[in-house]
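S.K.: Following this message is one structure expressed as structure tokens.
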There are 2 protein chains.
Amino acid sequence: MAEPPAIVSAAVLLIGNEILSGRTKDANLNYLARQLTALGIRLREARVVVDETAAIVAAVNECRARYDYVFTTGGIGPTHDDITAAAVAEAFGRPLIRNPEAVRILQDFYRETGRELNEARLHMAETPDGATLIDNPLSRAPGFRLENVFVMAGIPVVMRAMFESVAPSLACGDKVQARTIAAFVAEGDIAKRLGALQERYPALEIGSYPFMREGRFGTSLVLRGTDAALIERAAQELVAEIRALGVEPEAPEAPEADERAGD
Amino acid sequence: MAEPPAIVSAAVLLIGNEILSGRTKDANLNYLARQLTALGIRLREARVVVDETAAIVAAVNECRARYDYVFTTGGIGPTHDDITAAAVAEAFGRPLIRNPEAVRILQDFYRETGRELNEARLHMAETPDGATLIDNPLSRAPGFRLENVFVMAGIPVVMRAMFESVAPSLACGDKVQARTIAAFVAEGDIAKRLGALQERYPALEIGSYPFMREGRFGTSLVLRGTDAALIERAAQELVAEIRALGVEPEAPEAPEADERAGD
């Protein structure tokens, strides 16, 4: 018997009223989902949280107990509505300090750019006591890590740079591989065969996603798991099931449709 | 004294592994956030939940106790991975039934289109006992409402049609209005004045969102609240604060930048 896959789990917390009011479209979740999946870390939950201390504290504490890693985005700028660092300190029961290393980074940056390092900007140097900084090569104000919680910027380009700087330090599990087989069959016509395939392959996760392309309905069938040989065997059976419906699967690497459509 | 605003709250649950694996970009949250805000319903939380019964049950039960409304998207198709209806039934401790009205809708639809209403498609007629159906004018398989929980499709066009059909039945609170004032000032330069403005207007929620436009850094300042006169007074003060920095605010209705940038 193969060993059970090594599983490392994560949650993402998107912090910001502007996403919940609809003013801003989140641009961070999909990036983090893809990066974590590629690293072999399973994103098990994501939440969008209001800019309120109690809500952030509750979400951080629930998720850091439940998952191996928690990544937050948003709320670490210089203005009064940037309360993530203070809320994470409260979640851990630690004092919020003015981090000397972060102060030095900001001093260097604002000296170089000839701008004023005022009190508001020094707010960006505050971290919970005991945190280690996350490098921000773009606008310099750092994120931080405390135990299994990573606090990053909300601005997508800055968040991505921060994530890239911490990615090499993450413990990773077995990578989940995916194989997509698309065909112009209705979900309702393939559903029974697909359910039987799922029962034959309990170690795989088989997903079904309807789409509409060039005016025709079809379904993308996705086989996911950590065992490439098992995926390949299941994929061959799935192709046979599709052909049994009188349909030829599309090229396996066909690009995914943006607009999906129902059964 | 004005009466406190009437507050109606909501949560959104996006159900689907494909969003957490990064395969699919969510296309429903921003639509629901904007619609709810326009109706005077405050979206207080959103979660992306895996396709697992225990996770869906927990999220539904936490959110339906905490908020006035819960809207779910995804997991109501004909395949084995569509488990939302069964999970919601379990969350409410009610049996999952084959809903006679839903069966009739599907029978009519598949008779009209000359396709087979097989067992898999009849799976889409299952609801918790006591649920009322949500009309699906596009692909007909209905959503449902049970108490304060609305279960809708994950496919964006279908979800939107379902939401439109339930929107008139929702109790709404006082509408939150927003006024955006953008200026080419750095967040760190306006932060102190902005924090003081927030203290003078505790009934408003003042947000600060950096952007980059035409290669220049700026900040969008958003005043939100239920009292239009109060927003207008605060906006005039904010314009004066920006001018005190030697900067002229941009036209008030300037379109929002897609790409944001830091302080």
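Naming works like this for the structure tokens: A, B, ... for the chains as they're shown, residue 1 at the start of each chain, ligands 1 onward in shown order.
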Show me which bits of chain B are within 6 Å of chain A, counting only C-alpha atoms, as a list in words.
M.R.: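 Close enough to count are Leu20, Ser21, Gly22, Lys25, Asn30, Ala33, Arg34, Leu43, Glu45, Ala46, Arg47, Val48, Val49, Pro78, Thr79, His80, Ala120, Arg121, Ile155, Gly188, Ala191 and Gly195 of chain B.
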S.K.: Neighbouring residues of Glu232 of chain A were defined as those with any atom within 12 Å, considering only C-alpha atoms; residues of the same chain fewer than 4 positions away were excluded. Please report them as a count of residues only.
M.R.: 18
S.K.: List every residue of segment 86-174 of chain B that DSSP, applied to the backbone of this structure, assigns to alpha helix (DSSP H), and report them as a PyMOL selection string.
M.R.: chain B and resi 86-92+100-113+119-122+156-166
S.K.: Those residues with N, CA and C atoms, as a tab-separated table (two decimals), in the first residue's frame please?
M.R.:
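So the final result, stored in result_11.tsv, reads:
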chain	number	residue	atom	x	y	z
B	86	ALA	N	-28.12	18.67	0.46
B	86	ALA	CA	-28.08	17.69	1.56
B	86	ALA	C	-27.41	18.28	2.79
B	87	ALA	N	-26.36	19.08	2.58
B	87	ALA	CA	-25.65	19.67	3.72
B	87	ALA	C	-26.52	20.71	4.43
B	88	VAL	N	-27.28	21.48	3.67
B	88	VAL	CA	-28.16	22.48	4.29
B	88	VAL	C	-29.27	21.78	5.07
B	89	ALA	N	-29.80	20.69	4.50
B	89	ALA	CA	-30.80	19.91	5.24
B	89	ALA	C	-30.22	19.44	6.57
B	90	GLU	N	-28.99	18.93	6.53
B	90	GLU	CA	-28.35	18.47	7.76
B	90	GLU	C	-28.12	19.62	8.73
B	91	ALA	N	-27.74	20.78	8.21
B	91	ALA	CA	-27.51	21.94	9.08
B	91	ALA	C	-28.78	22.30	9.84
B	92	PHE	N	-29.94	22.16	9.19
B	92	PHE	CA	-31.22	22.49	9.82
B	92	PHE	C	-31.84	21.30	10.56
B	100	PRO	N	-41.72	18.00	-4.69
B	100	PRO	CA	-42.66	17.73	-5.80
B	100	PRO	C	-42.76	18.87	-6.80
B	101	GLU	N	-42.69	20.11	-6.32
B	101	GLU	CA	-42.79	21.25	-7.24
B	101	GLU	C	-41.54	21.31	-8.12
B	102	ALA	N	-40.39	21.02	-7.53
B	102	ALA	CA	-39.15	21.02	-8.32
B	102	ALA	C	-39.17	19.90	-9.36
B	103	VAL	N	-39.70	18.74	-8.97
B	103	VAL	CA	-39.81	17.63	-9.93
B	103	VAL	C	-40.68	18.04	-11.12
B	104	ARG	N	-41.79	18.70	-10.84
B	104	ARG	CA	-42.70	19.13	-11.90
B	104	ARG	C	-42.01	20.11	-12.84
B	105	ILE	N	-41.24	21.05	-12.27
B	105	ILE	CA	-40.51	22.03	-13.10
B	105	ILE	C	-39.53	21.31	-14.02
B	106	LEU	N	-38.80	20.35	-13.46
B	106	LEU	CA	-37.81	19.63	-14.27
B	106	LEU	C	-38.50	18.77	-15.32
B	107	GLN	N	-39.62	18.11	-14.93
B	107	GLN	CA	-40.36	17.29	-15.91
B	107	GLN	C	-40.79	18.14	-17.10
B	108	ASP	N	-41.35	19.31	-16.82
B	108	ASP	CA	-41.80	20.19	-17.91
B	108	ASP	C	-40.63	20.59	-18.79
B	109	PHE	N	-39.52	20.96	-18.15
B	109	PHE	CA	-38.36	21.47	-18.89
B	109	PHE	C	-37.76	20.39	-19.79
B	110	TYR	N	-37.57	19.20	-19.23
B	110	TYR	CA	-36.92	18.16	-20.03
B	110	TYR	C	-37.87	17.61	-21.09
B	111	ARG	N	-39.19	17.65	-20.82
B	111	ARG	CA	-40.14	17.26	-21.86
B	111	ARG	C	-40.05	18.26	-23.03
B	112	GLU	N	-40.04	19.55	-22.68
B	112	GLU	CA	-39.97	20.59	-23.73
B	112	GLU	C	-38.71	20.47	-24.58
B	113	THR	N	-37.57	20.17	-23.91
B	113	THR	CA	-36.30	20.16	-24.64
B	113	THR	C	-35.97	18.78	-25.20
B	119	GLU	N	-32.14	9.98	-13.22
B	119	GLU	CA	-31.98	10.07	-11.76
B	119	GLU	C	-31.03	11.20	-11.36
B	120	ALA	N	-29.95	11.35	-12.15
B	120	ALA	CA	-28.97	12.39	-11.81
B	120	ALA	C	-29.63	13.77	-11.84
B	121	ARG	N	-30.43	13.99	-12.88
B	121	ARG	CA	-31.09	15.30	-12.97
B	121	ARG	C	-32.15	15.46	-11.88
B	122	LEU	N	-32.80	14.38	-11.50
B	122	LEU	CA	-33.78	14.46	-10.41
B	122	LEU	C	-33.11	14.81	-9.07
B	156	PRO	N	-22.42	31.86	-12.72
B	156	PRO	CA	-22.76	33.26	-12.48
B	156	PRO	C	-24.08	33.73	-13.11
B	157	VAL	N	-24.33	33.39	-14.38
B	157	VAL	CA	-25.57	33.90	-14.99
B	157	VAL	C	-26.80	33.33	-14.31
B	158	VAL	N	-26.72	32.09	-13.86
B	158	VAL	CA	-27.86	31.47	-13.19
B	158	VAL	C	-28.02	32.03	-11.78
B	159	MET	N	-26.90	32.20	-11.09
B	159	MET	CA	-26.94	32.79	-9.75
B	159	MET	C	-27.58	34.17	-9.80
B	160	ARG	N	-27.20	34.96	-10.79
B	160	ARG	CA	-27.75	36.33	-10.88
B	160	ARG	C	-29.26	36.31	-11.11
B	161	ALA	N	-29.69	35.41	-11.99
B	161	ALA	CA	-31.13	35.32	-12.24
B	161	ALA	C	-31.86	34.90	-10.97
B	162	MET	N	-31.28	33.97	-10.22
B	162	MET	CA	-31.91	33.55	-8.97
B	162	MET	C	-31.94	34.68	-7.95
B	163	PHE	N	-30.83	35.42	-7.85
B	163	PHE	CA	-30.80	36.52	-6.88
B	163	PHE	C	-31.85	37.57	-7.24
B	164	GLU	N	-31.95	37.87	-8.53
B	164	GLU	CA	-32.96	38.86	-8.95
B	164	GLU	C	-34.36	38.42	-8.58
B	165	SER	N	-34.60	37.10	-8.61
B	165	SER	CA	-35.95	36.64	-8.31
B	165	SER	C	-36.24	36.69	-6.81
B	166	VAL	N	-35.21	36.64	-5.96
B	166	VAL	CA	-35.49	36.72	-4.52
B	166	VAL	C	-35.34	38.14	-3.96
S.K.: As an exercise, work out the distance from atom CA of Ala85 of chain A to atom CA of Pro142 of chain A in Å and give it to one decimal place.
M.R.: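 Going from atom CA of Ala85 of chain A over to atom CA of Pro142 of chain A, I get 11.2 Å.
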S.K.: So how far away is atom CA of Cys172 of chain B from atom CA of Ile134 of chain B, in Å?
M.R.: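 Interatomic distance here is 18.8 Å.
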S.K.: Residues of segment 15-249 of chain A in strand (DSSP E or B) according to DSSP, as a PyMOL selection string?
M.R.: chain A and resi 15+42-49+69-73+96-98+126-128+132-134+143-146+149-152+177-183+205-213+216-225
S.K.: Please provide as a PyMOL selection string all residues within 7 Å of segment 60-68 of chain B, with the sequence filter that same-chain residues fewer than 3 positions apart are discarded (counting only C-alpha atoms).
M.R.: chain B and resi 8-11+56-57+91+148-149
S.K.: Give me the residues within 12 Å of Gly246 of chain B as a list of chain:residue names, counting only C-alpha atoms and dropping any in the same chain fewer than 3 places off.
M.R.: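 Once the adjacent positions are removed, what remains is B:Ala183, B:Phe184, B:Val185, B:Asp189, B:Ile190, B:Val239, B:Ala240, B:Glu241, B:Ile242, B:Arg243, B:Pro249.
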S.K.: Separation of atom CA of Pro202 of chain B and atom CA of Leu39 of chain B, in Å?
M.R.: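 These atoms are spaced 23.1 Å apart.
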